[in-house]
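File shown: model_21.cif (mmCIF, C-alpha atoms).
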data_data
#
loop_
_atom_site.group_PDB
_atom_site.id
_atom_site.type_symbol
_atom_site.label_atom_id
_atom_site.label_comp_id
_atom_site.auth_asym_id
_atom_site.auth_seq_id
_atom_site.Cartn_x
_atom_site.Cartn_y
_atom_site.Cartn_z
ATOM 1 C CA MET A 1 -12.432 22.955 5.702
ATOM 2 C CA ARG A 2 -8.676 23.618 5.615
ATOM 3 C CA ASP A 3 -6.300 23.738 2.689
ATOM 4 C CA GLY A 4 -3.779 20.941 2.294
ATOM 5 C CA PRO A 5 -3.729 17.457 0.789
ATOM 6 C CA ALA A 6 -7.005 16.232 -0.657
ATOM 7 C CA ILE A 7 -6.522 12.761 0.866
ATOM 8 C CA GLU A 8 -4.377 11.630 3.789
ATOM 9 C CA LEU A 9 -4.348 7.985 4.855
ATOM 10 C CA THR A 10 -2.195 7.122 7.854
ATOM 11 C CA ASP A 11 -1.757 3.445 8.757
ATOM 12 C CA LEU A 12 -5.252 2.708 7.431
ATOM 13 C CA THR A 13 -6.261 -0.788 8.488
ATOM 14 C CA LYS A 14 -9.547 -2.532 7.811
ATOM 15 C CA ARG A 15 -10.356 -6.055 8.957
ATOM 16 C CA TYR A 16 -13.368 -8.189 8.143
ATOM 17 C CA GLY A 17 -13.259 -10.547 11.105
ATOM 18 C CA PRO A 18 -10.086 -12.610 10.627
ATOM 19 C CA VAL A 19 -9.608 -11.361 7.070
ATOM 20 C CA MET A 20 -7.343 -8.353 6.496
ATOM 21 C CA GLY A 21 -8.733 -6.036 3.825
ATOM 22 C CA VAL A 22 -6.215 -3.186 4.143
ATOM 23 C CA ASP A 23 -3.048 -3.333 6.221
ATOM 24 C CA ARG A 24 -1.400 -0.122 7.521
ATOM 25 C CA LEU A 25 -1.793 1.812 4.291
ATOM 26 C CA SER A 26 -0.369 5.342 4.310
ATOM 27 C CA LEU A 27 -0.899 7.589 1.313
ATOM 28 C CA THR A 28 -1.156 11.287 0.438
ATOM 29 C CA VAL A 29 -2.950 12.656 -2.622
ATOM 30 C CA HIS A 30 -2.249 16.311 -3.333
ATOM 31 C CA THR A 31 -4.857 18.876 -4.282
ATOM 32 C CA GLY A 32 -5.213 19.286 -8.035
ATOM 33 C CA GLU A 33 -3.688 15.998 -9.171
ATOM 34 C CA VAL A 34 -5.175 13.087 -11.077
ATOM 35 C CA PHE A 35 -3.910 10.140 -9.056
ATOM 36 C CA GLY A 36 -4.071 6.480 -10.063
ATOM 37 C CA PHE A 37 -4.837 3.688 -7.596
ATOM 38 C CA LEU A 38 -3.859 0.278 -8.963
ATOM 39 C CA GLY A 39 -3.860 -3.349 -7.931
ATOM 40 C CA PRO A 40 -5.314 -6.710 -8.940
ATOM 41 C CA ASN A 41 -8.650 -8.024 -7.716
ATOM 42 C CA GLY A 42 -8.583 -8.544 -3.959
ATOM 43 C CA ALA A 43 -5.711 -6.091 -3.397
ATOM 44 C CA GLY A 44 -7.765 -3.807 -1.129
ATOM 45 C CA LYS A 45 -8.621 -1.040 -3.581
ATOM 46 C CA THR A 46 -12.394 -1.039 -3.087
ATOM 47 C CA THR A 47 -12.058 -1.302 0.700
ATOM 48 C CA THR A 48 -9.738 1.710 0.678
ATOM 49 C CA LEU A 49 -12.120 3.740 -1.479
ATOM 50 C CA ARG A 50 -15.040 2.889 0.788
ATOM 51 C CA CYS A 51 -13.061 4.002 3.837
ATOM 52 C CA LEU A 52 -12.115 7.341 2.333
ATOM 53 C CA THR A 53 -15.683 8.006 1.122
ATOM 54 C CA GLY A 54 -17.095 7.257 4.585
ATOM 55 C CA LEU A 55 -18.928 4.076 3.598
ATOM 56 C CA LEU A 56 -16.717 1.964 5.882
ATOM 57 C CA ARG A 57 -15.219 2.797 9.256
ATOM 58 C CA PRO A 58 -11.522 1.870 9.558
ATOM 59 C CA SER A 59 -10.514 -0.747 12.108
ATOM 60 C CA GLU A 60 -7.395 1.291 12.856
ATOM 61 C CA GLY A 61 -5.536 4.262 11.474
ATOM 62 C CA ARG A 62 -6.547 7.710 10.334
ATOM 63 C CA VAL A 63 -8.382 8.914 7.230
ATOM 64 C CA ARG A 64 -8.687 12.561 6.264
ATOM 65 C CA VAL A 65 -10.495 13.785 3.168
ATOM 66 C CA LEU A 66 -10.250 17.527 2.496
ATOM 67 C CA GLY A 67 -8.956 17.784 6.037
ATOM 68 C CA LEU A 68 -11.992 16.073 7.594
ATOM 69 C CA ASP A 69 -12.960 12.627 8.879
ATOM 70 C CA PRO A 70 -15.213 11.164 6.154
ATOM 71 C CA VAL A 71 -17.215 9.202 8.761
ATOM 72 C CA GLY A 72 -17.481 11.655 11.665
ATOM 73 C CA ASP A 73 -17.709 14.723 9.409
ATOM 74 C CA HIS A 74 -19.670 13.072 6.618
ATOM 75 C CA LEU A 75 -22.275 15.825 6.256
ATOM 76 C CA ARG A 76 -19.501 18.396 5.812
ATOM 77 C CA VAL A 77 -17.474 16.278 3.391
ATOM 78 C CA ALA A 78 -20.265 14.950 1.159
ATOM 79 C CA PRO A 79 -21.100 18.205 -0.697
ATOM 80 C CA HIS A 80 -17.463 18.485 -1.770
ATOM 81 C CA MET A 81 -16.893 14.883 -2.866
ATOM 82 C CA GLY A 82 -18.125 12.877 -5.835
ATOM 83 C CA TYR A 83 -17.971 9.090 -5.973
ATOM 84 C CA LEU A 84 -18.552 6.578 -8.747
ATOM 85 C CA PRO A 85 -18.451 3.030 -7.316
ATOM 86 C CA GLY A 86 -17.089 0.156 -9.336
ATOM 87 C CA GLU A 87 -20.384 -1.715 -9.100
ATOM 88 C CA LEU A 88 -22.968 0.974 -9.766
ATOM 89 C CA ARG A 89 -26.436 0.005 -8.526
ATOM 90 C CA LEU A 90 -29.379 2.234 -9.376
ATOM 91 C CA HIS A 91 -33.107 2.047 -8.614
ATOM 92 C CA PRO A 92 -34.521 0.625 -11.859
ATOM 93 C CA GLU A 93 -37.945 2.212 -11.415
ATOM 94 C CA LEU A 94 -36.575 5.772 -11.200
ATOM 95 C CA SER A 95 -35.924 7.824 -14.311
ATOM 96 C CA GLY A 96 -32.452 9.138 -15.030
ATOM 97 C CA ALA A 97 -33.503 12.640 -13.962
ATOM 98 C CA GLU A 98 -35.069 11.321 -10.733
ATOM 99 C CA THR A 99 -31.880 9.369 -10.026
ATOM 100 C CA LEU A 100 -29.753 12.491 -10.403
ATOM 101 C CA ASP A 101 -32.148 14.437 -8.161
ATOM 102 C CA LEU A 102 -32.041 11.759 -5.472
ATOM 103 C CA LEU A 103 -28.249 11.543 -5.459
ATOM 104 C CA ALA A 104 -27.912 15.334 -5.460
ATOM 105 C CA ALA A 105 -30.141 15.456 -2.369
ATOM 106 C CA LEU A 106 -27.922 12.894 -0.658
ATOM 107 C CA GLN A 107 -24.841 14.930 -1.569
ATOM 108 C CA GLY A 108 -26.471 18.034 -0.123
ATOM 109 C CA ALA A 109 -25.164 20.381 -2.801
ATOM 110 C CA PRO A 110 -26.469 22.327 -5.817
ATOM 111 C CA VAL A 111 -25.736 20.845 -9.254
ATOM 112 C CA PRO A 112 -24.375 23.614 -11.488
ATOM 113 C CA ARG A 113 -22.792 21.201 -13.988
ATOM 114 C CA ARG A 114 -25.655 18.736 -14.536
ATOM 115 C CA ARG A 115 -26.911 20.047 -17.858
ATOM 116 C CA GLU A 116 -23.417 20.558 -19.282
ATOM 117 C CA LEU A 117 -22.308 17.048 -18.311
ATOM 118 C CA CYS A 118 -25.462 15.428 -19.649
ATOM 119 C CA ASP A 119 -25.009 17.240 -22.961
ATOM 120 C CA ARG A 120 -21.351 16.286 -23.269
ATOM 121 C CA LEU A 121 -21.950 12.656 -22.348
ATOM 122 C CA GLY A 122 -24.971 12.263 -24.610
ATOM 123 C CA LEU A 123 -27.778 11.989 -22.049
ATOM 124 C CA SER A 124 -30.661 13.833 -23.675
ATOM 125 C CA GLY A 125 -33.845 14.949 -21.980
ATOM 126 C CA ALA A 126 -35.681 12.034 -23.571
ATOM 127 C CA VAL A 127 -33.131 9.567 -22.200
ATOM 128 C CA LEU A 128 -33.266 11.113 -18.716
ATOM 129 C CA ALA A 129 -37.069 10.787 -18.716
ATOM 130 C CA ARG A 130 -36.857 6.999 -19.150
ATOM 131 C CA PRO A 131 -36.623 4.472 -16.266
ATOM 132 C CA VAL A 132 -33.036 3.520 -15.472
ATOM 133 C CA GLY A 133 -34.005 -0.168 -15.597
ATOM 134 C CA GLY A 134 -34.155 0.139 -19.398
ATOM 135 C CA TYR A 135 -30.717 1.728 -19.740
ATOM 136 C CA SER A 136 -27.774 -0.040 -21.344
ATOM 137 C CA ARG A 137 -24.645 -0.556 -19.296
ATOM 138 C CA GLY A 138 -22.970 2.386 -21.003
ATOM 139 C CA MET A 139 -25.916 4.701 -20.338
ATOM 140 C CA LYS A 140 -25.905 3.751 -16.653
ATOM 141 C CA GLN A 141 -22.189 4.459 -16.495
ATOM 142 C CA LYS A 142 -22.684 7.883 -18.055
ATOM 143 C CA LEU A 143 -25.383 8.632 -15.498
ATOM 144 C CA GLY A 144 -22.967 7.556 -12.775
ATOM 145 C CA LEU A 145 -20.332 9.953 -14.057
ATOM 146 C CA VAL A 146 -22.822 12.811 -14.117
ATOM 147 C CA GLN A 147 -23.924 12.195 -10.528
ATOM 148 C CA ALA A 148 -20.289 12.081 -9.401
ATOM 149 C CA MET A 149 -19.443 15.438 -10.996
ATOM 150 C CA GLN A 150 -22.712 17.367 -11.295
ATOM 151 C CA HIS A 151 -22.094 19.339 -8.077
ATOM 152 C CA ASP A 152 -18.561 20.331 -9.183
ATOM 153 C CA PRO A 153 -16.882 18.648 -6.194
ATOM 154 C CA ARG A 154 -13.380 19.428 -4.993
ATOM 155 C CA LEU A 155 -12.564 15.709 -4.949
ATOM 156 C CA VAL A 156 -13.832 13.011 -7.331
ATOM 157 C CA VAL A 157 -13.260 9.316 -6.566
ATOM 158 C CA LEU A 158 -13.786 7.086 -9.599
ATOM 159 C CA ASP A 159 -13.699 3.283 -9.530
ATOM 160 C CA GLU A 160 -13.428 1.748 -13.030
ATOM 161 C CA PRO A 161 -15.079 4.809 -14.624
ATOM 162 C CA THR A 162 -14.846 3.802 -18.303
ATOM 163 C CA GLU A 163 -16.551 0.409 -17.961
ATOM 164 C CA GLY A 164 -19.121 0.134 -20.750
ATOM 165 C CA LEU A 165 -18.291 3.455 -22.406
ATOM 166 C CA ASP A 166 -17.746 3.584 -26.145
ATOM 167 C CA PRO A 167 -14.479 5.114 -27.449
ATOM 168 C CA LEU A 168 -15.971 8.523 -28.249
ATOM 169 C CA VAL A 169 -17.444 8.881 -24.765
ATOM 170 C CA GLN A 170 -14.132 7.737 -23.286
ATOM 171 C CA GLU A 171 -12.443 10.633 -25.086
ATOM 172 C CA THR A 172 -14.964 13.028 -23.545
ATOM 173 C CA PHE A 173 -14.271 11.502 -20.141
ATOM 174 C CA PHE A 174 -10.505 12.017 -20.532
ATOM 175 C CA THR A 175 -11.157 15.654 -21.434
ATOM 176 C CA LEU A 176 -13.283 16.069 -18.316
ATOM 177 C CA LEU A 177 -10.433 14.721 -16.169
ATOM 178 C CA ALA A 178 -7.969 17.161 -17.686
ATOM 179 C CA GLU A 179 -10.387 20.040 -17.148
ATOM 180 C CA ALA A 180 -10.916 19.016 -13.530
ATOM 181 C CA ALA A 181 -7.178 19.074 -12.867
ATOM 182 C CA ASP A 182 -6.827 22.448 -14.630
ATOM 183 C CA ALA A 183 -9.578 23.816 -12.353
ATOM 184 C CA GLY A 184 -7.701 22.642 -9.232
ATOM 185 C CA ARG A 185 -9.976 19.688 -8.569
ATOM 186 C CA THR A 186 -8.544 16.373 -7.380
ATOM 187 C CA VAL A 187 -9.317 13.020 -9.000
ATOM 188 C CA LEU A 188 -8.562 9.598 -7.535
ATOM 189 C CA LEU A 189 -8.857 7.076 -10.360
ATOM 190 C CA SER A 190 -8.922 3.337 -9.750
ATOM 191 C CA SER A 191 -8.800 1.314 -12.955
ATOM 192 C CA HIS A 192 -7.516 -1.973 -14.310
ATOM 193 C CA ILE A 193 -7.059 -0.400 -17.753
ATOM 194 C CA LEU A 194 -3.436 0.640 -17.400
ATOM 195 C CA PRO A 195 -3.112 2.619 -20.662
ATOM 196 C CA GLU A 196 -5.861 4.992 -19.507
ATOM 197 C CA VAL A 197 -4.111 5.446 -16.152
ATOM 198 C CA GLN A 198 -0.864 6.108 -18.007
ATOM 199 C CA ARG A 199 -2.651 8.686 -20.144
ATOM 200 C CA THR A 200 -4.454 10.582 -17.379
ATOM 201 C CA CYS A 201 -2.516 10.258 -14.114
ATOM 202 C CA GLY A 202 0.603 12.014 -12.912
ATOM 203 C CA ARG A 203 1.278 9.652 -9.999
ATOM 204 C CA VAL A 204 0.066 6.201 -9.044
ATOM 205 C CA ALA A 205 -0.093 4.017 -5.955
ATOM 206 C CA ILE A 206 0.100 0.259 -6.411
ATOM 207 C CA VAL A 207 -1.289 -2.054 -3.717
ATOM 208 C CA ARG A 208 -1.110 -5.787 -3.233
ATOM 209 C CA ASP A 209 -2.695 -7.922 -0.502
ATOM 210 C CA GLY A 210 -3.905 -4.781 1.246
ATOM 211 C CA ARG A 211 -0.455 -3.243 1.483
ATOM 212 C CA LEU A 212 1.277 -0.473 -0.412
ATOM 213 C CA VAL A 213 3.825 -1.614 -2.991
ATOM 214 C CA THR A 214 4.921 1.806 -4.236
ATOM 215 C CA VAL A 215 3.870 5.399 -4.873
ATOM 216 C CA GLU A 216 5.604 6.960 -7.845
ATOM 217 C CA SER A 217 5.109 9.173 -10.853
ATOM 218 C CA VAL A 218 3.979 7.402 -13.986
ATOM 219 C CA ALA A 219 6.994 8.822 -15.798
ATOM 220 C CA GLY A 220 9.318 7.564 -13.067
ATOM 221 C CA LEU A 221 7.853 4.079 -13.126
ATOM 222 C CA ARG A 222 8.292 3.840 -16.867
ATOM 223 C CA GLU A 223 11.774 5.364 -16.825
ATOM 224 C CA ALA A 224 13.048 2.931 -14.210
ATOM 225 C CA ARG A 225 11.617 -0.144 -15.891
ATOM 226 C CA ALA A 226 12.436 -2.077 -19.016
ATOM 227 C CA ARG A 227 12.858 -0.647 -22.502
ATOM 228 C CA ARG A 228 11.037 -2.271 -25.370
ATOM 229 C CA ILE A 229 13.401 -3.043 -28.260
ATOM 230 C CA GLY A 230 11.736 -3.972 -31.552
ATOM 231 C CA LEU A 231 13.587 -5.483 -34.485
ATOM 232 C CA ALA A 232 12.670 -6.483 -38.028
ATOM 233 C CA PHE A 233 14.976 -8.673 -40.104
ATOM 234 C CA ALA A 234 15.979 -8.060 -43.699
ATOM 235 C CA ASP A 235 16.084 -11.739 -44.687
ATOM 236 C CA GLY A 236 12.422 -12.295 -43.740
ATOM 237 C CA LEU A 237 13.195 -15.669 -42.169
ATOM 238 C CA GLY A 238 11.492 -14.879 -38.867
ATOM 239 C CA ARG A 239 12.141 -16.752 -35.624
ATOM 240 C CA ARG A 240 15.788 -17.592 -34.913
ATOM 241 C CA THR A 241 18.261 -17.689 -32.076
ATOM 242 C CA LEU A 242 19.370 -14.241 -30.937
ATOM 243 C CA GLY A 243 22.440 -15.466 -29.125
ATOM 244 C CA ASP A 244 23.014 -13.684 -25.817
ATOM 245 C CA ALA A 245 19.871 -11.607 -26.430
ATOM 246 C CA ASP A 246 17.662 -14.696 -25.977
ATOM 247 C CA ARG A 247 17.861 -14.051 -22.223
ATOM 248 C CA TRP A 248 15.546 -11.046 -22.671
ATOM 249 C CA ALA A 249 12.531 -13.241 -23.499
ATOM 250 C CA PRO A 250 11.993 -12.395 -27.189
ATOM 251 C CA HIS A 251 8.411 -12.248 -28.421
ATOM 252 C CA TRP A 252 8.087 -13.033 -32.145
ATOM 253 C CA GLN A 253 5.499 -11.875 -34.679
ATOM 254 C CA GLY A 254 6.494 -12.934 -38.175
ATOM 255 C CA ASP A 255 9.914 -11.484 -38.954
ATOM 256 C CA ARG A 256 9.633 -8.968 -36.116
ATOM 257 C CA VAL A 257 10.688 -9.532 -32.503
ATOM 258 C CA GLU A 258 10.257 -7.503 -29.314
ATOM 259 C CA LEU A 259 12.367 -7.753 -26.162
ATOM 260 C CA LEU A 260 12.015 -6.094 -22.759
ATOM 261 C CA VAL A 261 15.475 -5.040 -21.643
ATOM 262 C CA PRO A 262 16.509 -3.370 -18.348
ATOM 263 C CA PRO A 263 17.739 0.217 -18.902
ATOM 264 C CA SER A 264 21.288 -0.617 -17.793
ATOM 265 C CA GLU A 265 21.534 -3.396 -20.405
ATOM 266 C CA VAL A 266 20.119 -1.617 -23.462
ATOM 267 C CA VAL A 267 23.537 -0.774 -24.934
ATOM 268 C CA ASP A 268 24.769 -4.370 -24.554
ATOM 269 C CA ALA A 269 21.522 -5.655 -26.071
ATOM 270 C CA LEU A 270 21.814 -3.402 -29.102
ATOM 271 C CA ARG A 271 25.454 -4.370 -29.660
ATOM 272 C CA ALA A 272 24.470 -8.037 -29.737
ATOM 273 C CA LEU A 273 21.358 -7.546 -31.850
ATOM 274 C CA LEU A 274 22.877 -5.268 -34.471
ATOM 275 C CA GLU A 275 25.296 -8.020 -35.448
ATOM 276 C CA LEU A 276 22.254 -9.775 -36.938
ATOM 277 C CA PRO A 277 20.686 -8.933 -40.365
ATOM 278 C CA VAL A 278 18.451 -6.159 -38.980
ATOM 279 C CA LYS A 279 16.572 -3.795 -41.289
ATOM 280 C CA ASP A 280 14.724 -1.794 -38.616
ATOM 281 C CA VAL A 281 15.121 -1.175 -34.889
ATOM 282 C CA THR A 282 13.074 0.796 -32.366
ATOM 283 C CA VAL A 283 13.726 1.510 -28.696
ATOM 284 C CA GLU A 284 11.002 2.919 -26.459
ATOM 285 C CA GLU A 285 10.025 3.053 -22.832
ATOM 286 C CA ALA A 286 7.836 0.185 -21.738
ATOM 287 C CA GLY A 287 4.282 1.063 -20.830
ATOM 288 C CA LEU A 288 2.792 1.244 -17.354
ATOM 289 C CA ASP A 289 1.529 -2.309 -17.773
ATOM 290 C CA GLU A 290 5.089 -3.665 -17.919
ATOM 291 C CA ALA A 291 6.086 -1.586 -14.891
ATOM 292 C CA PHE A 292 3.060 -2.877 -13.019
ATOM 293 C CA LEU A 293 3.909 -6.492 -13.815
ATOM 294 C CA ASP A 294 7.561 -5.969 -12.891
ATOM 295 C CA LEU A 295 6.585 -4.654 -9.472
ATOM 296 C CA TYR A 296 4.333 -7.623 -8.858
ATOM 297 C CA ARG A 297 7.081 -10.032 -9.842
ATOM 298 C CA ASP A 298 9.702 -8.289 -7.700
ATOM 299 C CA GLY A 299 8.138 -8.904 -4.303
ATOM 300 C CA GLY A 300 7.218 -6.990 -1.197
ATOM 301 C CA PRO A 301 6.175 -3.444 -0.391
ATOM 302 C CA ARG A 302 8.654 -0.659 -0.936
ATOM 303 C CA GLU A 303 9.002 2.997 -0.219
ATOM 304 C CA GLY A 304 7.898 5.562 -2.791
ATOM 305 C CA PRO A 305 8.431 9.335 -3.062
#

Now, as a test, write the supplied structure out as structure tokens.
Amino acid sequence: MRDGPAIELTDLTKRYGPVMGVDRLSLTVHTGEVFGFLGPNGAGKTTTLRCLTGLLRPSEGRVRVLGLDPVGDHLRVAPHMGYLPGELRLHPELSGAETLDLLAALQGAPVPRRRELCDRLGLSGAVLARPVGGYSRGMKQKLGLVQAMQHDPRLVVLDEPTEGLDPLVQETFFTLLAEAADAGRTVLLSSHILPEVQRTCGRVAIVRDGRLVTVESVAGLREARARRIGLAFADGLGRRTLGDADRWAPHWQGDRVELLVPPSEVVDALRALLELPVKDVTVEEAGLDEAFLDLYRDGGPREGP
């Protein structure tokens, strides 16, 4: 198993009869990065993940995971990859411990991190002895995270990993991601919760209708997109006309208003706004959610770095 990118997709195409699931998708994920994979429902995310984990065979194109074909070389790839699917289905009659044993056998690898992960995620011995059919959604999700990481894989693919987790467990999960990156592991994270992608990922790919829209750093996406300008007014009168600044779609809450302004227009916006009776002003980068929406409004696929 050679060194190099953790994931290489070259013109990946997957058709379901006449329906195109993924269309000529090319993407590289480097070793040691936490990489976000974003798109709305039906964009092709799950199909892509299933192709790179060897669960689906591409119609066309090339997939390499840790330098190997995840279908043809599945037995060589599996011990080094962990996968949490977005729709986790477990055998309800098996206990948590039996479930972890079964999935470890399918992965074909020892599980040096099982006990540590169970302890950190709050899966006690008593919980693991119970049938999975009696687990809550959050407990099943924690079990899914353990099975994806218990063998300390070089690559972890996570599809909506925080579904059902309470805030404290989510914090533990974010710590685990940071530790994985520090240890040189690679994480591919697909999530619709954009703030958690913004928090954990260095780069993201955004797909739409099975095609790549962009690949860019999270910082770069935010830097290139709108700034959020917030204003509070000293007279307390609330909603009013903002003159030329009304073109930046003001959003009012009481006597406070927020506008999303393109970076090149921030100075002009502030000049116009500060002629009003303002008592407080803030300017900050928009979040990843605004960048994501901007890209979807803008139109077709584009090149990324």

| request: Would you kindly translate the PyMOL selection byres ((chain A and resi 97-100) around 10) into the concrete residues it picks from this file, as a ChimeraX atom specification? | output: /A:90-96,101-106,111,114,123,125-132,143-144,146-148,150

| message | Considering only C-alpha atoms, can you say which of A:Asp69, A:Glu60, A:Asp23, A:Glu163 comes closest to Leu88 in chain A? | response |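 Looking only at the distances to Leu88 in chain A, the closest residue turns out to be A:Glu163.
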
| field | Residue members of the PyMOL selection byres ((chain A and resi 245-258) around 12) in the file shown, as an MDAnalysis selection string | value | chainID A and resid 226:244 259:262 265:284 286

| task | Please write the residues picked by the PyMOL selection byres ((chain A and resi 218) around 7) on this file as a list in words. | result |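 What the PyMOL selection byres ((chain A and resi 218) around 7) grabs from the file is Gln198, Gly202, Arg203, Val204, Glu216, Ser217, Ala219, Gly220, Leu221 and Arg222 of chain A.
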
| request: Can you work out which one of A:Val19, A:Leu9, A:Ala43, A:Leu27 has the shortest atom-to-atom distance to Thr214 in chain A, counting only C-alpha atoms? | output: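 Ranking A:Val19, A:Leu9, A:Ala43, A:Leu27 by distance to Thr214 in chain A, first place goes to A:Leu27.
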
| request: Could you please determine the separation between CA of Glu171 in chain A and CA of Val77 in chain A in Å, to one decimal place? | output: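 Separation of CA of Glu171 in chain A and CA of Val77 in chain A: 29.5 Å.
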
Give me range 156-175 of chain A with N, CA and C atoms filled in, as a compact mmCIF listing (two decimals), keeping the file's coordinate frame.
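Contents of rebuild05.txt, freshly written:
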# COMPACT_ATOMS: atom_id res chain seq x y z
N VAL A 156 -13.03 14.02 -6.65
CA VAL A 156 -13.83 13.01 -7.33
C VAL A 156 -13.10 11.68 -7.21
N VAL A 157 -13.81 10.66 -6.72
CA VAL A 157 -13.26 9.32 -6.57
C VAL A 157 -13.97 8.42 -7.57
N LEU A 158 -13.21 7.84 -8.49
CA LEU A 158 -13.79 7.09 -9.60
C LEU A 158 -13.22 5.68 -9.61
N ASP A 159 -14.10 4.69 -9.54
CA ASP A 159 -13.70 3.28 -9.53
C ASP A 159 -14.13 2.65 -10.86
N GLU A 160 -13.18 2.32 -11.69
CA GLU A 160 -13.43 1.75 -13.03
C GLU A 160 -14.42 2.62 -13.82
N PRO A 161 -14.09 3.88 -14.05
CA PRO A 161 -15.08 4.81 -14.62
C PRO A 161 -15.41 4.60 -16.09
N THR A 162 -14.55 3.93 -16.87
CA THR A 162 -14.85 3.80 -18.30
C THR A 162 -15.50 2.48 -18.67
N GLU A 163 -15.88 1.68 -17.68
CA GLU A 163 -16.55 0.41 -17.96
C GLU A 163 -17.82 0.66 -18.78
N GLY A 164 -17.91 0.04 -19.94
CA GLY A 164 -19.12 0.13 -20.75
C GLY A 164 -19.21 1.35 -21.64
N LEU A 165 -18.24 2.25 -21.59
CA LEU A 165 -18.29 3.46 -22.41
C LEU A 165 -17.69 3.19 -23.78
N ASP A 166 -18.32 3.75 -24.81
CA ASP A 166 -17.75 3.58 -26.14
C ASP A 166 -16.56 4.53 -26.30
N PRO A 167 -15.72 4.32 -27.32
CA PRO A 167 -14.48 5.11 -27.45
C PRO A 167 -14.69 6.62 -27.50
N LEU A 168 -15.74 7.08 -28.17
CA LEU A 168 -15.97 8.52 -28.25
C LEU A 168 -16.30 9.11 -26.88
N VAL A 169 -17.11 8.40 -26.12
CA VAL A 169 -17.44 8.88 -24.76
C VAL A 169 -16.22 8.82 -23.86
N GLN A 170 -15.38 7.80 -24.05
CA GLN A 170 -14.13 7.74 -23.29
C GLN A 170 -13.28 8.97 -23.54
N GLU A 171 -13.21 9.43 -24.78
CA GLU A 171 -12.44 10.63 -25.09
C GLU A 171 -13.01 11.84 -24.35
N THR A 172 -14.34 11.94 -24.30
CA THR A 172 -14.96 13.03 -23.54
C THR A 172 -14.61 12.92 -22.07
N PHE A 173 -14.63 11.71 -21.54
CA PHE A 173 -14.27 11.50 -20.14
C PHE A 173 -12.84 11.96 -19.86
N PHE A 174 -11.89 11.60 -20.74
CA PHE A 174 -10.50 12.02 -20.53
C PHE A 174 -10.39 13.54 -20.55
N THR A 175 -11.15 14.19 -21.40
CA THR A 175 -11.16 15.65 -21.43
C THR A 175 -11.68 16.22 -20.12
